[in-house]
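Asker: Below is my_file.txt; it holds compact mmCIF, C-alpha atoms and all ligand atoms.
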# COMPACT_ATOMS: atom_id res chain seq x y z
CA MET A 12 0.00 0.00 0.00
CA LYS A 13 1.37 3.40 -1.01
CA LYS A 14 1.66 5.78 1.93
CA TYR A 15 0.98 9.51 1.68
CA SER A 16 1.78 12.28 4.12
CA TYR A 17 0.54 15.87 3.92
CA GLY A 18 3.96 17.23 2.91
CA LYS A 19 7.41 16.02 2.00
CA GLN A 20 10.72 17.20 0.48
CA THR A 21 11.72 16.64 -3.15
CA ILE A 22 15.42 15.76 -3.39
CA SER A 23 17.14 14.86 -6.65
CA SER A 24 20.68 14.16 -7.87
CA ASP A 25 21.58 17.85 -8.38
CA ASP A 26 20.76 18.51 -4.69
CA ILE A 27 22.96 15.59 -3.63
CA LYS A 28 25.82 16.75 -5.85
CA SER A 29 25.59 20.29 -4.50
CA VAL A 30 25.87 19.04 -0.89
CA ILE A 31 28.72 16.61 -1.66
CA ASP A 32 30.72 19.32 -3.46
CA THR A 33 30.45 21.51 -0.38
CA LEU A 34 31.44 18.62 1.92
CA LYS A 35 34.62 18.31 -0.14
CA SER A 36 35.33 22.05 0.00
CA ASP A 37 37.23 24.02 2.66
CA TYR A 38 34.10 25.34 4.35
CA LEU A 39 31.35 23.36 6.05
CA THR A 40 30.13 26.58 7.65
CA GLN A 41 30.90 30.33 7.43
CA GLY A 42 32.06 29.93 3.84
CA PRO A 43 30.93 31.25 0.45
CA LYS A 44 27.76 29.14 0.00
CA VAL A 45 25.77 31.11 2.55
CA LYS A 46 26.28 34.38 0.65
CA GLU A 47 25.52 32.63 -2.63
CA PHE A 48 22.25 31.30 -1.17
CA GLU A 49 21.39 34.75 0.18
CA ASP A 50 22.05 36.38 -3.20
CA LYS A 51 19.76 33.84 -4.81
CA LEU A 52 17.07 34.54 -2.22
CA CYS A 53 17.30 38.23 -3.14
CA GLN A 54 16.83 37.34 -6.82
CA VAL A 55 13.86 35.09 -6.11
CA THR A 56 12.08 37.55 -3.79
CA GLY A 57 13.19 40.89 -5.19
CA ALA A 58 14.40 42.06 -1.75
CA LYS A 59 17.65 44.04 -1.38
CA TYR A 60 19.01 41.92 1.48
CA ALA A 61 18.64 38.34 2.69
CA VAL A 62 20.06 36.73 5.83
CA ALA A 63 20.13 32.92 6.02
CA VAL A 64 19.64 31.46 9.50
CA SER A 65 19.38 28.09 11.23
CA ASN A 66 15.57 27.76 11.05
CA GLY A 67 12.33 29.69 10.54
CA THR A 68 11.85 30.23 14.27
CA ALA A 69 15.31 31.82 14.56
CA ALA A 70 14.34 34.03 11.61
CA LEU A 71 11.25 35.26 13.49
CA HIS A 72 13.25 35.76 16.72
CA LEU A 73 15.92 37.83 14.95
CA ALA A 74 13.26 39.83 13.09
CA VAL A 75 11.57 40.82 16.36
CA LEU A 76 14.96 41.61 17.96
CA ALA A 77 16.09 43.71 15.00
CA LEU A 78 13.01 45.92 15.39
CA GLY A 79 13.92 46.52 19.03
CA ILE A 80 10.71 45.00 20.37
CA GLY A 81 10.81 44.00 24.04
CA VAL A 82 9.19 43.99 27.46
CA GLY A 83 6.00 46.09 27.61
CA ASP A 84 5.44 45.92 23.84
CA GLU A 85 2.69 43.99 22.07
CA GLY A 86 2.49 42.20 18.74
CA ILE A 87 -0.52 40.88 16.83
CA THR A 88 -0.62 37.63 14.85
CA THR A 89 -3.17 35.05 13.73
CA PRO A 90 -4.27 32.05 15.81
CA ILE A 91 -4.19 29.87 12.66
CA THR A 92 -0.43 29.46 12.44
CA PHE A 93 2.45 27.45 13.81
CA VAL A 94 3.26 28.40 17.42
CA ALA A 95 6.53 30.09 16.41
CA SER A 96 4.71 33.10 14.87
CA ALA A 97 3.51 34.02 18.38
CA ASN A 98 6.40 32.62 20.45
CA CYS A 99 8.93 34.98 18.84
CA LEU A 100 7.26 37.84 20.73
CA ARG A 101 7.49 35.96 24.03
CA TYR A 102 11.26 35.35 23.46
CA VAL A 103 11.85 39.09 23.84
CA GLY A 104 9.34 39.52 26.68
CA ALA A 105 6.63 41.13 24.53
CA ASN A 106 2.93 40.24 24.79
CA VAL A 107 0.99 38.32 22.16
CA LYS A 108 -2.41 39.43 20.86
CA PHE A 109 -4.34 37.50 18.25
CA ALA A 110 -6.70 38.70 15.53
CA ASP A 111 -9.34 36.33 14.16
CA ILE A 112 -9.30 35.05 10.57
CA GLU A 113 -11.36 35.46 7.39
CA GLU A 114 -13.49 32.39 6.74
CA ASP A 115 -12.93 32.24 2.98
CA THR A 116 -9.09 32.42 3.04
CA GLY A 117 -8.10 31.32 6.55
CA LEU A 118 -5.91 34.46 6.68
CA ILE A 119 -5.73 37.12 9.40
CA ASP A 120 -8.62 39.59 8.97
CA PRO A 121 -7.46 43.24 8.75
CA LYS A 122 -10.71 44.37 10.44
CA GLU A 123 -9.93 42.10 13.39
CA ILE A 124 -6.37 43.51 13.59
CA ILE A 125 -7.79 47.01 14.16
CA LYS A 126 -9.84 45.72 17.14
CA GLN A 127 -6.68 44.38 18.82
CA ILE A 128 -4.48 47.49 18.52
CA SER A 129 -3.57 49.20 21.79
CA PRO A 130 -1.09 51.98 22.65
CA ARG A 131 1.47 49.23 23.34
CA THR A 132 1.17 47.56 19.94
CA LYS A 133 4.47 47.70 18.03
CA VAL A 134 4.32 45.02 15.36
CA LEU A 135 1.94 43.05 13.16
CA ILE A 136 2.93 39.50 12.18
CA PRO A 137 0.62 38.39 9.35
CA VAL A 138 1.11 34.77 8.24
CA HIS A 139 0.62 33.78 4.60
CA TYR A 140 -1.28 30.67 5.58
CA ALA A 141 -1.14 27.73 3.15
CA GLY A 142 0.83 29.88 0.67
CA GLN A 143 -1.61 32.70 -0.12
CA SER A 144 -0.47 36.20 0.82
CA CYS A 145 -2.53 38.13 3.36
CA ASP A 146 -4.17 41.37 2.24
CA MET A 147 -0.89 43.26 2.65
CA GLU A 148 -2.13 46.51 1.12
CA GLU A 149 -4.84 46.77 3.77
CA ILE A 150 -2.51 45.59 6.57
CA SER A 151 0.21 48.08 5.61
CA LYS A 152 -2.38 50.92 5.63
CA ILE A 153 -3.30 49.97 9.21
CA ALA A 154 0.39 49.77 10.17
CA LYS A 155 1.13 53.22 8.71
CA LYS A 156 -1.83 54.79 10.48
CA HIS A 157 -0.87 53.34 13.88
CA LYS A 158 2.93 53.51 13.33
CA LEU A 159 3.48 49.76 13.57
CA TYR A 160 6.15 47.53 12.10
CA ILE A 161 5.25 44.54 9.93
CA ILE A 162 6.99 41.16 9.87
CA GLU A 163 5.53 38.81 7.24
CA ASP A 164 5.77 35.18 8.30
CA ALA A 165 6.18 33.65 4.85
CA ALA A 166 7.16 30.13 5.98
CA HIS A 167 4.43 28.86 3.61
CA ALA A 168 4.86 31.33 0.81
CA ILE A 169 8.22 31.29 -0.93
CA GLY A 170 7.32 31.44 -4.64
CA SER A 171 3.97 33.19 -4.07
CA THR A 172 3.06 36.63 -5.40
CA TYR A 173 0.63 39.34 -4.29
CA LYS A 174 -0.53 42.12 -6.62
CA GLY A 175 2.44 41.41 -8.88
CA HIS A 176 4.98 41.58 -6.04
CA LYS A 177 6.87 38.50 -4.93
CA VAL A 178 6.35 37.48 -1.32
CA GLY A 179 9.60 38.41 0.43
CA SER A 180 10.05 41.62 -1.59
CA CYS A 181 9.02 43.54 1.56
CA LYS A 182 7.01 45.93 -0.59
CA TYR A 183 4.46 46.12 2.26
CA SER A 184 6.59 45.22 5.28
CA ASP A 185 9.83 45.79 7.18
CA LEU A 186 10.93 42.17 7.20
CA THR A 187 9.83 38.82 5.79
CA THR A 188 10.78 35.46 7.31
CA PHE A 189 11.00 32.03 5.65
CA SER A 190 11.43 28.43 6.82
CA PHE A 191 13.15 25.67 4.87
CA HIS A 192 11.96 22.72 6.96
CA PRO A 193 11.43 19.62 4.76
CA VAL A 194 7.64 20.04 4.63
CA LYS A 195 7.98 23.57 3.18
CA THR A 196 8.21 24.39 -0.54
CA ILE A 197 12.03 24.28 -0.66
CA THR A 198 14.23 22.74 2.03
CA THR A 199 17.67 22.91 3.61
CA GLY A 200 16.82 20.21 6.20
CA GLU A 201 16.59 22.82 8.92
CA GLY A 202 16.94 26.41 7.84
CA GLY A 203 15.35 29.79 7.44
CA ALA A 204 15.92 33.31 6.18
CA ILE A 205 14.91 36.92 6.62
CA THR A 206 14.59 39.44 3.79
CA THR A 207 14.50 43.23 4.07
CA ASN A 208 15.18 46.40 2.07
CA ASN A 209 16.42 48.30 5.11
CA PRO A 210 20.26 48.47 5.42
CA GLU A 211 20.17 49.16 9.20
CA LEU A 212 17.95 46.15 9.87
CA TYR A 213 20.18 44.05 7.62
CA LYS A 214 23.31 45.04 9.56
CA LYS A 215 21.59 44.24 12.84
CA LEU A 216 20.42 40.81 11.63
CA ILE A 217 23.92 39.89 10.42
CA THR A 218 25.43 40.83 13.79
CA MET A 219 22.75 39.15 15.91
CA ARG A 220 23.03 35.93 13.88
CA THR A 221 26.61 35.56 15.14
CA HIS A 222 26.66 36.39 18.89
CA GLY A 223 26.28 40.15 18.39
CA VAL A 224 29.93 40.21 17.43
CA VAL A 225 31.51 42.55 14.85
CA GLN A 226 35.03 42.34 13.41
CA ARG A 227 37.21 45.37 14.11
CA PRO A 228 40.28 45.09 11.82
CA ASP A 229 40.65 48.87 12.20
CA THR A 230 41.78 48.20 15.79
CA SER A 231 44.01 45.13 15.43
CA PRO A 232 43.92 42.17 13.01
CA TRP A 233 42.42 39.71 15.52
CA PHE A 234 40.09 42.15 17.24
CA TYR A 235 36.36 41.58 17.46
CA GLU A 236 33.83 43.32 19.59
CA MET A 237 30.53 42.30 21.18
CA GLN A 238 28.28 45.23 21.87
CA GLU A 239 24.98 43.40 21.93
CA LEU A 240 23.75 40.02 23.12
CA GLY A 241 23.36 37.85 20.02
CA TYR A 242 23.03 34.18 19.16
CA ASN A 243 24.50 31.44 17.02
CA TYR A 244 21.72 31.23 14.44
CA ARG A 245 23.98 30.48 11.46
CA LEU A 246 23.06 28.21 8.55
CA PRO A 247 25.99 25.91 7.64
CA ASP A 248 27.41 26.01 4.08
CA VAL A 249 26.47 22.36 3.59
CA LEU A 250 22.80 23.28 4.02
CA ALA A 251 23.09 26.54 2.08
CA ALA A 252 24.40 24.43 -0.83
CA LEU A 253 21.21 22.37 -0.67
CA GLY A 254 19.19 25.60 -0.56
CA ILE A 255 20.89 26.88 -3.73
CA SER A 256 20.01 23.80 -5.76
CA GLN A 257 16.49 23.74 -4.31
CA LEU A 258 15.91 27.40 -5.24
CA ASN A 259 16.84 26.54 -8.84
CA LYS A 260 13.71 24.38 -8.88
CA LEU A 261 11.34 26.71 -7.01
CA ASN A 262 9.22 27.60 -10.05
CA GLU A 263 9.01 23.97 -11.09
CA PHE A 264 7.90 22.95 -7.57
CA VAL A 265 5.25 25.67 -7.44
CA HIS A 266 3.89 24.80 -10.91
CA LYS A 267 3.62 21.16 -9.91
CA ARG A 268 1.83 22.04 -6.68
CA ARG A 269 -0.64 24.19 -8.60
CA GLU A 270 -1.26 21.42 -11.13
CA LEU A 271 -2.00 18.95 -8.34
CA VAL A 272 -4.33 21.44 -6.63
CA ALA A 273 -6.29 21.80 -9.90
CA ILE A 274 -6.83 18.02 -9.90
CA TYR A 275 -8.08 18.10 -6.29
CA GLN A 276 -10.49 20.85 -7.29
CA LYS A 277 -11.78 18.80 -10.21
CA GLU A 278 -12.13 15.62 -8.12
CA LEU A 279 -13.59 17.10 -4.93
CA GLY A 280 -14.72 20.64 -5.75
CA ALA A 281 -18.25 19.68 -6.81
CA GLU A 282 -18.98 17.74 -3.60
CA LYS A 283 -21.34 19.82 -1.47
CA ARG A 284 -19.90 18.62 1.86
CA PHE A 285 -16.40 19.93 1.08
CA ARG A 286 -15.05 23.43 0.89
CA PHE A 287 -11.63 24.72 -0.21
CA LEU A 288 -10.05 28.07 0.57
CA GLU A 289 -10.49 30.78 -2.01
CA GLU A 290 -7.49 32.04 -3.94
CA LYS A 291 -8.09 35.78 -4.37
CA LYS A 292 -7.79 37.33 -7.83
CA HIS A 293 -4.63 39.32 -7.10
CA ASN A 294 -2.86 36.32 -5.54
CA TYR A 295 -0.68 33.55 -6.91
CA SER A 296 -0.19 30.97 -4.16
CA ALA A 297 2.71 28.51 -3.91
CA PHE A 298 0.24 26.19 -2.10
CA HIS A 299 2.33 24.94 0.78
CA LEU A 300 -0.86 23.30 2.08
CA TRP A 301 -4.14 22.24 0.53
CA PRO A 302 -6.72 22.43 3.33
CA LEU A 303 -9.99 20.55 2.95
CA LEU A 304 -12.82 22.01 5.04
CA THR A 305 -15.69 19.79 6.15
CA ASN A 306 -18.48 20.41 8.63
CA PHE A 307 -17.93 17.23 10.67
CA SER A 308 -21.07 17.83 12.72
CA LYS A 309 -22.95 16.81 9.55
CA THR A 310 -20.88 13.73 8.60
CA HIS A 311 -21.81 10.16 9.55
CA THR A 312 -19.01 9.94 12.06
CA ASP A 313 -16.59 12.27 13.85
CA LYS A 314 -13.30 13.80 12.65
CA VAL A 315 -11.10 11.54 14.81
CA SER A 316 -12.62 8.33 13.40
CA ILE A 317 -12.35 9.68 9.86
CA PHE A 318 -8.74 10.74 10.42
CA ASN A 319 -7.83 7.28 11.72
CA LYS A 320 -9.71 5.47 8.95
CA LEU A 321 -7.80 7.46 6.30
CA LYS A 322 -4.56 6.74 8.13
CA SER A 323 -5.26 3.00 7.99
CA LEU A 324 -5.58 3.44 4.21
CA GLY A 325 -2.11 5.00 4.04
CA ILE A 326 -3.38 8.61 3.87
CA ARG A 327 -1.70 10.34 6.79
CA LEU A 328 -3.20 13.81 7.00
CA GLN A 329 -2.45 16.62 9.40
CA VAL A 330 -4.46 19.48 10.89
CA HIS A 331 -3.13 23.04 10.41
CA TYR A 332 -3.45 24.25 13.03
CA ILE A 333 -4.63 23.85 16.59
CA PRO A 334 -5.25 27.60 17.11
CA VAL A 335 -2.27 29.01 19.01
CA HIS A 336 -4.46 30.77 21.59
CA MET A 337 -5.87 27.33 22.54
CA GLN A 338 -2.42 25.98 23.50
CA PRO A 339 -2.11 25.47 27.30
CA TYR A 340 0.74 28.03 27.46
CA TYR A 341 -1.50 30.77 25.99
CA ILE A 342 -4.63 29.64 27.88
CA LYS A 343 -2.56 30.21 31.05
CA SER A 344 -1.95 33.80 29.97
CA GLY A 345 -5.70 34.46 29.80
CA PHE A 346 -7.04 33.38 26.39
CA GLN A 347 -10.15 31.23 26.20
CA GLU A 348 -10.90 28.52 23.67
CA ASP A 349 -13.63 30.57 22.06
CA SER A 350 -11.80 33.93 22.17
CA PHE A 351 -11.50 33.63 18.35
CA PRO A 352 -14.57 31.75 17.13
CA LYS A 353 -13.70 31.74 13.42
CA ALA A 354 -10.26 30.27 14.13
CA LYS A 355 -11.80 27.61 16.37
CA ASN A 356 -14.40 26.74 13.76
CA PHE A 357 -11.70 26.57 11.07
CA TYR A 358 -9.67 24.20 13.23
CA GLU A 359 -12.67 21.92 13.70
CA GLN A 360 -13.24 21.74 9.93
CA GLU A 361 -9.68 21.57 8.61
CA LEU A 362 -7.69 18.60 7.23
CA SER A 363 -4.57 19.17 5.08
CA LEU A 364 -4.53 16.86 2.06
CA PRO A 365 -1.26 15.40 0.70
CA LEU A 366 0.51 17.93 -1.52
CA TYR A 367 4.12 17.75 -2.71
CA PRO A 368 5.81 17.67 -6.12
CA ASP A 369 6.53 13.92 -6.12
CA LEU A 370 2.80 13.11 -6.22
CA THR A 371 1.25 12.19 -9.57
CA ALA A 372 -2.18 12.97 -11.01
CA GLU A 373 -3.04 9.32 -10.36
CA ASP A 374 -2.06 9.70 -6.67
CA ILE A 375 -4.40 12.69 -6.33
CA ARG A 376 -7.27 10.74 -7.89
CA THR A 377 -6.63 7.76 -5.57
CA ILE A 378 -6.54 10.04 -2.51
CA SER A 379 -9.65 11.95 -3.65
CA ASN A 380 -11.60 8.72 -4.14
CA SER A 381 -10.73 7.56 -0.62
CA ILE A 382 -11.70 10.97 0.78
CA LYS A 383 -15.09 10.80 -0.98
CA LYS A 384 -15.68 7.27 0.28
CA ILE A 385 -14.64 7.89 3.91
CA ILE A 386 -16.01 11.39 4.50
CA PHE A 387 -19.78 11.45 3.94
C1 LIG B 1 7.35 26.07 9.79
C2 LIG B 1 6.86 27.37 10.29
C3 LIG B 1 7.62 28.19 11.15
C4 LIG B 1 8.87 27.76 11.82
O1 LIG B 1 9.85 27.28 11.00
P1 LIG B 1 10.99 26.28 11.55
O2 LIG B 1 11.95 26.29 10.43
O3 LIG B 1 10.31 24.95 11.74
O4 LIG B 1 11.53 26.83 12.80
C5 LIG B 1 7.11 29.44 11.47
N1 LIG B 1 5.92 29.86 11.02
C6 LIG B 1 5.15 29.08 10.24
C7 LIG B 1 3.84 29.61 9.76
C8 LIG B 1 5.58 27.80 9.86
O5 LIG B 1 4.80 27.03 9.11
What does this structure look like when you write it as structure tokens?

Answerer:
Amino acid sequence: MKKYSYGKQTISSDDIKSVIDTLKSDYLTQGPKVKEFEDKLCQVTGAKYAVAVSNGTAALHLAVLALGIGVGDEGITTPITFVASANCLRYVGANVKFADIEEDTGLIDPKEIIKQISPRTKVLIPVHYAGQSCDMEEISKIAKKHKLYIIEDAAHAIGSTYKGHKVGSCKYSDLTTFSFHPVKTITTGEGGAITTNNPELYKKLITMRTHGVVQRPDTSPWFYEMQELGYNYRLPDVLAALGISQLNKLNEFVHKRRELVAIYQKELGAEKRFRFLEEKKHNYSAFHLWPLLTNFSKTHTDKVSIFNKLKSLGIRLQVHYIPVHMQPYYIKSGFQEDSFPKAKNFYEQELSLPLYPDLTAEDIRTISNSIKKIIF
């Protein structure tokens, strides 16, 4: 029986060669591949600067640090995201607020953002859930009016565009963060990056990625200086080499994902009991995820039984996400399960279907047939 998961890396011989060549070179880390990967990220996103880091969570942490956010400040993100989008604020002692989502896209609702703004709010962290960009024009208007920073969490959205601008271009934001975990559109095993057009933020990110240390050859040849508390959030050259060969195939990966999504739409789109998220006219999504939405209060059996039944057929789905405000850590800080009813409802309805470039049209039809048979 063929087994399917919701997401998976695509590795081919050029990726393997790229990594082996770097293993044979002088630098496993802190060598030339990191800069080469960063330059390529700039090309792909249209941003002036890119900083490669050890993972997407480190990217979010450095982004928040670079903006000088700290104790007493607040940031606003969506509950329908991975926990890291909120946790990055807690790392620097800032408070987390959430804004509920739009039902048709699963994305943070700009109208809900406005309701959450207080005099302490410093930053908005919209998340391009499933690959589709948030309504950045609207969100950047709100940020301008209230003098807020914007960090785009684009862990799902490398290769996506919004109103003709590539996600990561920072046309509507101060910083954009990416993750290259194997389930994401391109991978470096573990890895992440931040893009920006702001030279001061760039300098800060570079310093904070390596212990807050700067070289001072003007003083003496060995001299370095630590003026700020930084981290070791570096991406090794071995992984940057994988990132370079993966980025060469980004367009191919995204095209394939979109082709597979079109087959899901054809196979399942007409079934009244299922709903898919809407791709807005001005958006081109890289489709990191393909969420299927079902009202399980109207199906013959509950979501858990359906999930397990599909698993026994080799279709191992996942739910994206348990709303972050419903996590015990955030419940302890005062949120209630139904603080964000649309997010909670979305969680109850959502199942992410298998979607990755190695799947064939036949795979999608097989999976769709099982879905139709099991969920009724
Ligand atoms: C994967 C992900 C992250 C974190 O990335 P890591 O590389 O796993 O640390 C952050 N935000 C979102 C929305 C993600 O999906």

Asker: Which value, in Å to one decimal, gives the distance between atom CA of A:Asp164 and atom CA of A:Gly202?

Answerer: 14.2 Å

Asker: Return as a PDB file with C-alpha atoms, in the frame of the given file every polymer residue, whether protein, DNA or RNA, with at least one atom no more than 7 Å from an atom of ligand LIG 1 (chain B); count all atoms listed in the file.

Answerer:
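Written out: out.pdb:
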ATOM      1  CA  ASN A  66      15.570  27.760  11.050  1.00  0.00           C
ATOM      2  CA  GLY A  67      12.330  29.690  10.540  1.00  0.00           C
ATOM      3  CA  THR A  68      11.850  30.230  14.270  1.00  0.00           C
ATOM      4  CA  ALA A  69      15.310  31.820  14.560  1.00  0.00           C
ATOM      5  CA  THR A  92      -0.430  29.460  12.440  1.00  0.00           C
ATOM      6  CA  PHE A  93       2.450  27.450  13.810  1.00  0.00           C
ATOM      7  CA  ALA A  95       6.530  30.090  16.410  1.00  0.00           C
ATOM      8  CA  SER A  96       4.710  33.100  14.870  1.00  0.00           C
ATOM      9  CA  VAL A 138       1.110  34.770   8.240  1.00  0.00           C
ATOM     10  CA  TYR A 140      -1.280  30.670   5.580  1.00  0.00           C
ATOM     11  CA  ASP A 164       5.770  35.180   8.300  1.00  0.00           C
ATOM     12  CA  ALA A 165       6.180  33.650   4.850  1.00  0.00           C
ATOM     13  CA  ALA A 166       7.160  30.130   5.980  1.00  0.00           C
ATOM     14  CA  HIS A 167       4.430  28.860   3.610  1.00  0.00           C
ATOM     15  CA  SER A 190      11.430  28.430   6.820  1.00  0.00           C
ATOM     16  CA  PHE A 191      13.150  25.670   4.870  1.00  0.00           C
ATOM     17  CA  HIS A 192      11.960  22.720   6.960  1.00  0.00           C
ATOM     18  CA  GLU A 201      16.590  22.820   8.920  1.00  0.00           C
ATOM     19  CA  GLY A 202      16.940  26.410   7.840  1.00  0.00           C
ATOM     20  CA  GLY A 203      15.350  29.790   7.440  1.00  0.00           C
TER      21      GLY A 203
END

Asker: Here is a test: counting all atoms listed in the file, which residue of A:Leu303, A:Ala58, A:Leu321, A:Met12 is nearest to A:Leu186?

Answerer: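 Of A:Leu303, A:Ala58, A:Leu321, A:Met12, the one nearest A:Leu186, counting all atoms listed in the file, is A:Ala58.
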
Asker: Residues at most 9 Å from stretch 355-362 of chain A, counting only C-alpha atoms, excluding those fewer than 5 positions away in the same chain, as a list in words?

Answerer: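 Counting only C-alpha atoms, the residues come to Pro90, Ile91, Ile112, Glu114, Gly117, Trp301, Pro302, Leu303, Leu304, Thr305, Asn306, Phe307, Lys314, Phe318, Leu328, Gln329, Val330, His331, Tyr332, Ile333, Pro334, Met337, Glu348, Asp349 and Ser350 of chain A.
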
Asker: Around the point (6.6, 43.4, -3.0) in the file's coordinates, collect all residues with an atom within 10 Å, using only C-alpha atoms, and return them as a PyMOL selection string.

Answerer: chain A and resi 56-58+147+172-184

Asker: Which residues, written as a ChimeraX atom specification, have at least one atom at most 10 Å from A:Ser23, with only C-alpha atoms counted and residues fewer than 3 positions away on the same chain left out?

Answerer: /A:20,26-28,256-257

Asker: Rounded to one decimal in Å, what is the spacing between atom CA of A:Ser381 and atom CA of A:Phe287?

Answerer: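 Between atom CA of A:Ser381 and atom CA of A:Phe287 the gap works out to 17.2 Å.
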
Asker: Smallest atom-to-atom distance to A:Thr206: which of A:Glu49, A:Asp229, A:Glu290, A:Glu113, using all atoms listed in the file?

Answerer: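 Ranked by minimum distance to A:Thr206, first place goes to A:Glu49.
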